[in-house]
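Shown next: entry_27.txt, given as compact mmCIF, C-alpha atoms (C1' of nucleotides).
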# COMPACT_ATOMS: atom_id res chain seq x y z
CA MET B 1 33.78 -2.42 25.55
CA ASP B 2 33.38 -3.45 21.93
CA THR B 3 36.61 -2.17 20.49
CA LYS B 4 39.16 -3.44 22.99
CA THR B 5 40.02 -6.47 20.94
CA GLY B 6 38.91 -5.15 17.60
CA PRO B 7 35.80 -6.15 15.75
CA VAL B 8 34.78 -9.77 16.04
CA PRO B 9 34.91 -11.42 12.63
CA ALA B 10 31.69 -12.87 11.27
CA CYS B 11 31.48 -16.61 10.94
CA GLY B 12 28.95 -19.25 10.06
CA PRO B 13 27.02 -21.18 8.97
CA PHE B 14 23.83 -20.12 10.72
CA VAL B 15 20.11 -19.81 10.20
CA ALA B 16 18.12 -16.61 10.66
CA LEU B 17 14.39 -16.55 11.32
CA VAL B 18 12.84 -13.12 10.76
CA GLY B 19 9.43 -11.55 10.31
CA ALA B 20 7.08 -8.97 11.77
CA THR B 21 6.20 -8.89 15.43
CA ALA B 22 3.53 -11.36 16.61
CA THR B 23 3.92 -13.75 13.69
CA GLY B 24 5.03 -16.49 16.08
CA LYS B 25 8.81 -16.40 15.63
CA THR B 26 9.57 -17.15 19.28
CA ALA B 27 7.42 -20.26 19.63
CA LEU B 28 8.52 -21.59 16.28
CA SER B 29 12.19 -20.97 16.96
CA ILE B 30 12.10 -23.05 20.12
CA GLU B 31 10.53 -25.93 18.22
CA ILE B 32 13.16 -25.69 15.49
CA ALA B 33 15.94 -25.50 18.05
CA ARG B 34 14.69 -28.62 19.81
CA ALA B 35 14.33 -30.51 16.57
CA LEU B 36 17.69 -29.52 15.10
CA ASN B 37 19.95 -29.05 18.12
CA CYS B 38 20.21 -25.27 17.86
CA GLU B 39 21.01 -22.48 20.25
CA ILE B 40 19.07 -19.28 19.76
CA VAL B 41 20.56 -15.83 19.26
CA SER B 42 17.92 -13.16 19.72
CA ALA B 43 17.93 -10.21 17.31
CA ASP B 44 15.66 -7.89 19.22
CA SER B 45 16.54 -4.37 20.28
CA VAL B 46 14.28 -4.37 23.34
CA GLN B 47 14.76 -7.89 24.62
CA VAL B 48 18.43 -7.06 25.15
CA TYR B 49 17.44 -5.01 28.21
CA LYS B 50 17.15 -6.59 31.63
CA GLY B 51 13.74 -6.17 33.19
CA LEU B 52 11.92 -5.38 29.95
CA ASP B 53 10.17 -8.73 29.82
CA ILE B 54 6.42 -8.55 29.38
CA GLY B 55 6.35 -5.63 26.97
CA SER B 56 9.11 -7.04 24.81
CA ALA B 57 7.44 -10.47 24.65
CA LYS B 58 10.67 -11.99 25.88
CA PRO B 59 10.38 -15.77 26.18
CA THR B 60 10.28 -16.82 29.83
CA VAL B 61 12.76 -19.34 31.17
CA ALA B 62 9.96 -21.90 31.21
CA GLU B 63 9.08 -21.17 27.59
CA ARG B 64 12.67 -21.63 26.53
CA GLN B 65 12.39 -25.30 27.49
CA GLY B 66 16.09 -25.76 28.04
CA VAL B 67 17.07 -24.26 24.70
CA PRO B 68 19.99 -21.85 25.33
CA HIS B 69 19.11 -18.26 24.41
CA HIS B 70 21.67 -15.53 23.79
CA MET B 71 21.54 -11.74 23.52
CA LEU B 72 18.71 -11.46 26.04
CA ASP B 73 19.17 -9.40 29.21
CA CYS B 74 22.63 -8.23 28.23
CA ALA B 75 22.16 -4.53 28.94
CA ASP B 76 20.96 -2.46 31.85
CA PRO B 77 17.94 -0.35 30.91
CA ARG B 78 19.75 2.74 32.19
CA GLU B 79 22.44 2.40 29.53
CA SER B 80 21.88 2.64 25.83
CA PHE B 81 22.53 -0.37 23.70
CA THR B 82 23.64 0.01 20.09
CA ALA B 83 23.62 -1.92 16.86
CA ALA B 84 27.41 -2.07 16.99
CA ARG B 85 27.36 -3.66 20.44
CA TYR B 86 24.76 -6.07 19.21
CA GLN B 87 26.84 -7.07 16.22
CA ASP B 88 29.86 -7.66 18.39
CA GLY B 89 28.05 -9.66 21.07
CA ALA B 90 25.99 -11.71 18.66
CA ARG B 91 29.03 -12.62 16.55
CA ARG B 92 30.76 -13.88 19.67
CA CYS B 93 27.68 -15.96 20.50
CA ILE B 94 27.55 -17.45 17.02
CA ALA B 95 31.22 -18.37 17.18
CA GLY B 96 30.70 -19.97 20.57
CA ILE B 97 27.71 -22.02 19.44
CA LEU B 98 29.57 -23.29 16.38
CA GLY B 99 32.48 -24.14 18.67
CA ARG B 100 30.10 -26.34 20.66
CA GLY B 101 29.18 -28.12 17.47
CA ARG B 102 25.64 -26.77 17.38
CA LEU B 103 23.71 -24.72 14.87
CA PRO B 104 23.11 -21.03 15.66
CA LEU B 105 19.54 -19.87 15.06
CA VAL B 106 19.23 -16.08 14.92
CA VAL B 107 15.66 -15.03 15.70
CA GLY B 108 14.23 -11.57 15.76
CA GLY B 109 12.46 -8.70 14.13
CA THR B 110 14.97 -5.88 14.49
CA GLY B 111 15.96 -5.40 10.89
CA LEU B 112 19.16 -3.51 11.53
CA TYR B 113 20.42 -6.13 13.95
CA VAL B 114 19.71 -8.95 11.52
CA HIS B 115 21.38 -6.88 8.85
CA ALA B 116 24.45 -6.37 11.03
CA LEU B 117 24.87 -10.13 11.29
CA THR B 118 23.99 -11.17 7.76
CA TYR B 119 25.84 -8.51 5.77
CA ASP B 120 29.38 -7.22 5.95
CA VAL B 121 28.62 -4.05 7.87
CA ASP B 122 31.53 -2.42 9.68
CA PHE B 123 30.26 -0.03 12.31
CA SER B 124 33.69 0.32 13.85
CA ARG B 125 35.00 2.67 11.16
CA VAL B 126 33.47 5.67 12.85
CA VAL B 127 32.69 5.39 16.51
CA GLY B 128 29.69 7.37 17.74
CA ASP B 129 30.46 10.38 19.88
CA GLU B 130 27.61 11.15 22.26
CA GLY B 131 28.90 14.61 23.18
CA ARG B 132 29.11 15.75 19.62
CA ARG B 133 25.70 14.27 18.85
CA GLN B 134 24.19 16.24 21.65
CA ARG B 135 25.76 19.43 20.37
CA LEU B 136 24.46 18.80 16.87
CA ARG B 137 21.02 17.96 18.20
CA ALA B 138 20.96 21.18 20.19
CA LEU B 139 21.95 23.07 17.07
CA ALA B 140 19.08 21.50 15.14
CA GLU B 141 16.62 22.32 17.90
CA GLU B 142 17.69 25.92 18.02
CA HIS B 143 18.05 26.70 14.31
CA GLY B 144 15.99 23.99 12.69
CA PRO B 145 17.14 20.73 11.08
CA ASP B 146 18.11 22.39 7.80
CA ILE B 147 21.29 23.83 9.27
CA LEU B 148 22.71 20.33 9.82
CA TYR B 149 21.62 19.19 6.43
CA ALA B 150 23.25 22.18 4.77
CA ARG B 151 26.54 21.22 6.38
CA LEU B 152 26.17 17.63 5.21
CA GLU B 153 25.44 18.79 1.67
CA GLU B 154 28.61 20.81 1.77
CA ILE B 155 31.00 18.10 2.92
CA ALA B 156 29.30 14.95 1.58
CA PRO B 157 26.82 15.80 -1.16
CA GLU B 158 26.39 12.21 -2.29
CA ARG B 159 25.43 11.08 1.23
CA ALA B 160 23.16 14.07 1.64
CA ARG B 161 21.08 12.90 -1.27
CA ALA B 162 20.42 9.60 0.51
CA VAL B 163 19.16 11.21 3.70
CA HIS B 164 16.04 13.30 4.14
CA PRO B 165 16.80 16.77 5.60
CA HIS B 166 14.23 16.32 8.38
CA ASN B 167 15.64 13.02 9.57
CA VAL B 168 17.86 14.56 12.21
CA LYS B 169 19.17 11.28 13.62
CA ARG B 170 20.34 10.15 10.21
CA VAL B 171 21.75 13.53 9.27
CA ILE B 172 23.77 13.58 12.48
CA ARG B 173 25.16 10.10 11.91
CA ALA B 174 25.98 10.93 8.28
CA LEU B 175 27.79 14.07 9.45
CA GLU B 176 29.70 12.03 11.99
CA ILE B 177 30.92 9.69 9.27
CA ALA B 178 31.60 12.46 6.77
CA GLU B 179 33.57 14.54 9.25
CA ALA B 180 35.68 11.55 10.19
CA GLY B 181 37.19 11.75 6.75
CA GLY B 182 37.22 10.17 3.34
CA ALA B 183 38.35 6.67 4.20
CA ALA B 184 35.40 6.06 6.51
CA ALA B 185 32.83 7.25 4.02
CA ASP B 186 34.39 5.75 0.91
CA GLY B 187 33.44 2.36 -0.37
CA TYR B 188 30.34 2.31 1.73
CA ASP B 189 28.08 -0.58 0.80
CA PHE B 190 25.29 -1.35 3.19
CA ARG B 191 24.49 -4.65 1.46
CA LYS B 192 27.88 -6.21 1.01
CA PRO B 193 27.72 -10.02 1.34
CA LEU B 194 29.80 -11.73 4.01
CA PRO B 195 32.48 -13.71 2.24
CA GLY B 196 32.59 -17.39 3.17
CA VAL B 197 29.63 -17.34 5.55
CA ASP B 198 26.66 -19.56 4.69
CA ILE B 199 23.39 -18.15 5.92
CA LEU B 200 19.90 -19.51 5.52
CA MET B 201 17.26 -16.84 5.96
CA LEU B 202 13.68 -17.78 6.74
CA GLY B 203 10.79 -15.35 7.02
CA LEU B 204 7.37 -15.70 8.62
CA LYS B 205 4.48 -13.77 7.22
CA MET B 206 0.81 -13.61 7.99
CA ASP B 207 -2.29 -12.09 6.49
CA ARG B 208 -2.28 -8.43 7.53
CA ALA B 209 -5.76 -8.37 9.06
CA ALA B 210 -5.08 -11.53 11.05
CA LEU B 211 -1.76 -10.19 12.23
CA TYR B 212 -3.42 -7.00 13.44
CA ARG B 213 -5.98 -9.00 15.39
CA ARG B 214 -3.16 -10.97 16.99
CA ILE B 215 -1.33 -7.79 17.89
CA ASP B 216 -4.40 -6.33 19.58
CA ALA B 217 -4.97 -9.54 21.53
CA ARG B 218 -1.33 -9.74 22.54
CA VAL B 219 -1.31 -6.18 23.87
CA ASP B 220 -4.39 -6.94 25.98
CA ALA B 221 -2.65 -10.06 27.25
CA MET B 222 0.44 -8.04 28.18
CA ILE B 223 -1.67 -5.67 30.25
CA LYS B 224 -3.27 -8.63 32.02
CA ALA B 225 0.15 -10.13 32.60
CA GLY B 226 1.24 -7.00 34.47
CA LEU B 227 2.86 -4.65 31.97
CA VAL B 228 1.78 -1.61 33.99
CA GLN B 229 3.50 -2.99 37.09
CA GLU B 230 6.60 -3.81 35.08
CA VAL B 231 6.88 -0.25 33.79
CA GLN B 232 6.12 1.16 37.23
CA GLY B 233 8.90 -0.98 38.66
CA LEU B 234 11.37 0.27 36.06
CA LEU B 235 10.47 3.89 36.75
CA ASP B 236 10.71 3.26 40.51
CA SER B 237 14.17 1.79 40.10
CA GLY B 238 15.40 4.96 38.46
CA VAL B 239 14.98 4.18 34.77
CA ASP B 240 14.10 7.52 33.21
CA SER B 241 11.19 7.50 30.79
CA GLY B 242 13.33 9.36 28.26
CA LEU B 243 15.99 6.67 27.95
CA PRO B 244 16.34 4.67 24.74
CA SER B 245 15.27 1.48 26.52
CA MET B 246 12.01 3.14 27.44
CA GLN B 247 11.19 4.10 23.86
CA GLY B 248 10.16 0.53 23.14
CA LEU B 249 6.54 -0.11 22.26
CA GLY B 250 4.53 -0.61 25.40
CA TYR B 251 7.06 1.15 27.59
CA LYS B 252 6.80 4.73 26.43
CA GLU B 253 3.00 4.58 26.28
CA ILE B 254 2.51 3.02 29.72
CA ALA B 255 5.04 5.46 31.17
CA ASN B 256 2.95 8.28 29.72
CA ALA B 257 -0.10 6.92 31.50
CA ILE B 258 1.77 6.48 34.78
CA LEU B 259 3.15 10.02 34.55
CA GLY B 260 -0.37 11.33 34.05
CA ARG B 261 0.05 12.40 30.43
CA CYS B 262 -2.81 10.22 29.23
CA THR B 263 -5.30 7.65 30.44
CA LEU B 264 -4.40 3.98 30.59
CA GLU B 265 -7.08 3.32 28.00
CA GLN B 266 -5.43 5.78 25.62
CA ALA B 267 -2.03 4.24 26.30
CA ILE B 268 -3.29 0.79 25.40
CA ALA B 269 -4.80 2.08 22.17
CA ASP B 270 -1.50 3.81 21.37
CA ILE B 271 0.46 0.59 21.93
CA LYS B 272 -1.83 -1.31 19.59
CA ARG B 273 -1.62 1.30 16.87
CA GLY B 274 2.13 1.68 17.30
CA THR B 275 2.68 -2.06 17.13
CA ARG B 276 0.58 -2.37 13.98
CA ARG B 277 2.62 0.35 12.34
CA TYR B 278 5.81 -1.27 13.52
CA ALA B 279 4.78 -4.59 12.00
CA LYS B 280 4.20 -2.82 8.72
CA ARG B 281 7.65 -1.22 8.85
CA GLN B 282 9.21 -4.60 9.58
CA GLU B 283 7.48 -6.09 6.56
CA THR B 284 8.86 -3.28 4.43
CA TRP B 285 12.36 -3.88 5.74
CA PHE B 286 12.41 -7.64 5.21
CA LYS B 287 10.39 -7.66 2.00
CA ARG B 288 13.24 -6.19 0.01
CA ASP B 289 15.75 -8.80 1.18
CA PRO B 290 15.97 -11.33 -1.68
CA ARG B 291 17.76 -13.90 0.46
CA ILE B 292 14.73 -14.65 2.60
CA GLU B 293 12.64 -17.74 2.00
CA TRP B 294 9.10 -16.96 3.09
CA PHE B 295 6.66 -19.17 5.00
CA GLU B 296 3.02 -18.26 5.44
CA VAL B 297 1.64 -18.69 8.94
CA SER B 298 -2.05 -19.52 9.13
CA PRO B 299 -4.30 -16.74 10.44
CA ASP B 300 -5.02 -18.64 13.65
CA GLY B 301 -1.30 -18.74 14.38
CA SER B 302 -1.01 -22.52 14.43
CA LEU B 303 2.47 -23.61 13.49
CA ASN B 304 2.22 -27.30 12.71
CA GLY B 305 2.40 -27.14 8.95
CA THR B 306 4.93 -24.33 9.00
CA LEU B 307 7.17 -26.14 11.44
CA SER B 308 7.55 -29.28 9.37
CA SER B 309 8.19 -27.42 6.13
CA ILE B 310 10.78 -25.22 7.83
CA ILE B 311 12.53 -28.19 9.37
CA ASP B 312 12.64 -29.83 5.94
CA CYS B 313 14.07 -26.66 4.48
CA VAL B 314 16.74 -26.31 7.16
CA SER B 315 17.73 -29.98 6.98
CA GLU B 316 18.16 -29.77 3.24
CA TRP B 317 20.24 -26.62 3.56
CA LYS B 318 22.37 -28.22 6.25
CA ALA B 319 23.14 -31.22 4.08
CA CYS B 320 23.95 -28.95 1.17
CA THR B 321 26.22 -26.71 3.23
CA MET B 322 28.11 -29.65 4.73
CA ASN B 323 28.69 -31.13 1.30
CA ARG B 324 30.08 -27.89 0.03
CA ARG B 325 32.37 -27.58 3.02
CA GLY B 326 33.41 -31.21 3.22
C1' G T 327 -49.42 10.53 12.39
C1' C T 328 -47.12 15.62 12.24
C1' C T 329 -42.71 18.86 12.77
C1' U T 330 -37.34 19.70 12.96
C1' C T 331 -32.37 18.32 12.02
C1' G T 332 -29.16 14.67 9.91
C1' G T 333 -27.41 10.62 6.02
C1' U T 334 -20.64 12.72 1.88
C1' A T 335 -13.78 8.26 2.67
C1' G T 336 -13.00 2.83 7.54
C1' C T 337 -14.49 6.92 11.69
C1' U T 338 -15.75 12.23 12.98
C1' C T 339 -17.15 15.96 9.89
C1' A T 340 -16.46 20.20 6.15
C1' G T 341 -17.97 21.73 1.24
C1' U T 342 -19.88 22.78 -3.61
C1' U T 343 -24.56 30.56 -4.79
C1' G T 344 -25.40 23.63 -9.99
C1' G T 345 -19.45 22.06 -13.51
C1' U T 346 -18.90 14.42 -10.07
C1' A T 347 -15.52 16.64 -3.53
C1' G T 348 -11.50 17.66 1.16
C1' A T 349 -9.68 18.02 6.39
C1' G T 350 -8.32 15.41 10.96
C1' C T 351 -7.82 10.57 12.68
C1' A T 352 -7.52 5.47 11.06
C1' A T 353 -5.21 3.12 6.87
C1' G T 354 -1.79 2.08 2.63
C1' G T 355 3.23 2.52 0.40
C1' G T 356 8.43 3.52 1.06
C1' A T 357 13.47 4.72 3.09
C1' C T 358 17.10 2.87 6.42
C1' U T 359 25.48 2.80 8.69
C1' G T 360 26.93 2.79 16.37
C1' A T 361 19.15 5.48 19.20
C1' A T 362 16.32 1.02 14.65
C1' A T 363 10.01 -1.30 18.89
C1' A T 364 13.86 4.59 17.04
C1' U T 365 13.74 8.21 13.07
C1' C T 366 11.97 10.06 8.52
C1' C T 367 9.32 10.57 3.58
C1' C T 368 5.05 9.90 0.17
C1' U T 369 -0.33 8.74 -0.72
C1' G T 370 -7.29 10.11 -0.57
C1' U T 371 -8.94 4.82 -0.92
C1' G T 372 -15.86 7.87 -2.41
C1' U T 373 -22.51 4.90 -6.47
C1' C T 374 -21.82 12.37 -1.94
C1' G T 375 -28.62 7.00 1.31
C1' G T 376 -32.18 5.41 -3.04
C1' U T 377 -35.50 6.50 -7.30
C1' G T 378 -37.34 10.01 -10.39
C1' G T 379 -37.80 15.38 -12.06
C1' U T 380 -35.81 20.32 -13.67
C1' U T 381 -31.11 21.36 -16.30
C1' C T 382 -26.28 21.19 -21.50
C1' G T 383 -24.82 19.31 -16.65
C1' A T 384 -27.41 17.41 -9.98
C1' U T 385 -23.65 15.35 -4.57
C1' U T 386 -25.82 20.52 -4.62
C1' C T 387 -32.42 22.62 -6.55
C1' C T 388 -37.51 19.95 -6.48
C1' A T 389 -40.70 15.54 -5.51
C1' C T 390 -41.18 10.94 -3.58
C1' U T 391 -38.81 7.23 -0.76
C1' C T 392 -35.60 4.54 2.80
C1' U T 393 -33.00 5.43 7.34
C1' G T 394 -31.06 7.77 12.20
C1' A T 395 -31.76 11.35 16.26
C1' G T 396 -34.86 14.79 18.73
C1' G T 397 -39.61 17.23 19.49
C1' C T 398 -45.19 17.41 19.28
C1' A T 399 -49.35 14.40 19.51
Exercise: express the given structure as structure tokens:
Amino acid sequence: MDTKTGPVPACGPFVALVGATATGKTALSIEIARALNCEIVSADSVQVYKGLDIGSAKPTVAERQGVPHHMLDCADPRESFTAARYQDGARRCIAGILGRGRLPLVVGGTGLYVHALTYDVDFSRVVGDEGRRQRLRALAEEHGPDILYARLEEIAPERARAVHPHNVKRVIRALEIAEAGGAAADGYDFRKPLPGVDILMLGLKMDRAALYRRIDARVDAMIKAGLVQEVQGLLDSGVDSGLPSMQGLGYKEIANAILGRCTLEQAIADIKRGTRRYAKRQETWFKRDPRIEWFEVSPDGSLNGTLSSIIDCVSEWKACTMNRRG
RNA sequence: GCCUCGGUAGCUCAGUUGGUAGAGCAAGGGACUGAAAAUCCCUGUGUCGGUGGUUCGAUUCCACUCUGAGGCA
């Protein structure tokens, strides 16, 4: 579905708001959108799935307050979404928003998705082949992961050095690219700037201890809001617990409890721990991106001060960008 | 009041026949090309309850002391 008309070219300008989970991106983004006439493009690998609402902290229609949101509910949880599909869909959304004369505001914590929009990444060079992946995975399960890595070392030694032998998913993808031939693997630059696209990147950060308290409280709130029923409903409607959509935080753990693999209490503790670790990984991902301008959110999560300084920042950038273009 | 067993990393505990200590979990750091809320890699953070004593050297032995649990009165 994403290659029929060729890759969608990137365009801009747009603003991206990133940061770890539970820092308040969603609430803040809606305020910014209202103040600056934006439409929001979500960059979240779980919110793309229909029916994964509570656990993904997807903004409700009421919370969206009339601000158009894109890249939510665009996949069935029975199918597997990909970064390439995200890039394609989100680029179309950005083009559409600009066409309407409004400012696109990309909001989300999925680093790879943000990356796919803000750098010149071309996933289309080597299309993933599910059948071959399954064969390779089976090989790794039978003979151990080293057998795949040995093959990668043989045909693409420079790529092999960049991937850990035990990281089977990465080794398989690297093999896929390497086996597709030289052209696909050559000139690979994961951080190539997008020529001619102005992007303003804003990051939210919060004191670690405060963030962890917020995460714990949010998980409890999700349970109260009916996360267990949501997961039960997904399972009842034929969504297998092994699917990619069900590997999201909150979904795999609650499914485990429902399937009798652990107690609900244990599942809740696992979600909290998993989400804390996830937040840490997100910080690691975004920390190294020098383009991001960081804003500190107060430990109580109140956004007032942050909102006005961000709006100032965006307005200034807008004026600057228009000058340069006009 | 007496007896017994404990007090070592954030938690649960191991250990040193005397040479200042290590597991699990939690945590911290990092990587990142079509699964990315996924996947993977690295790391022990410590007044060994306190004060004295013996000793070249004490977390380890001794005394006292504080503290927790249990038992006997």
Subject >> 12 Å contacts from chain T to chain B using only C-alpha atoms (C1' of nucleotides), as number ranges by chain >> reply: T: 351-367
Subject >> Selection: 12 Å around G378 (chain T), only C-alpha atoms (C1' of nucleotides), excl. self and same-chain fewer than 2 positions, as a list in words >> reply: G376, U380, C388, A389, C390 and U391 of chain T
**OP:** Tell me, in Å to one decimal, how far CA of Ser308 (chain B) is from CA of Met206 (chain B).
**Re:** 17.1 Å
Subject >> Residue nearest Val197 (chain B) - candidates B:Asp120, B:Val61, B:Ala43, B:Gly89, atoms counted: all atoms listed in the file >> reply: B:Asp120
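Picture a line from CA of Arg133 (chain B) to CA of Val114 (chain B); it runs 25.1 Å.
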Enclose all atoms of region 306-319 of chain B listed in the file in an axis-aligned box, grow every side by 8 Å, and hand back centre and edge lengths in Å to one decimal, as lines of an AutoDock Vina configuration file.
center_x = 14.0
center_y = -27.8
center_z = 7.3
size_x = 34.2
size_y = 22.9
size_z = 24.2
**OP:** For CA of Met222 (chain B) and CA of Val48 (chain B), determine how far apart the two atoms are, in Å to one decimal place.
**Re:** 18.3 Å
Subject >> All residues 9 Å or closer to Arg91 (chain B), only C-alpha atoms (C1' of nucleotides), same chain fewer than 6 positions away omitted, as JSON, numbers by chain >> reply: {"B": [8, 9, 10, 11, 117]}
Subject >> Best match for closeness to Ala27 (chain B) among B:Arg64, B:His69, B:Arg191, B:Arg135, counting only C-alpha atoms >> reply: B:Arg64
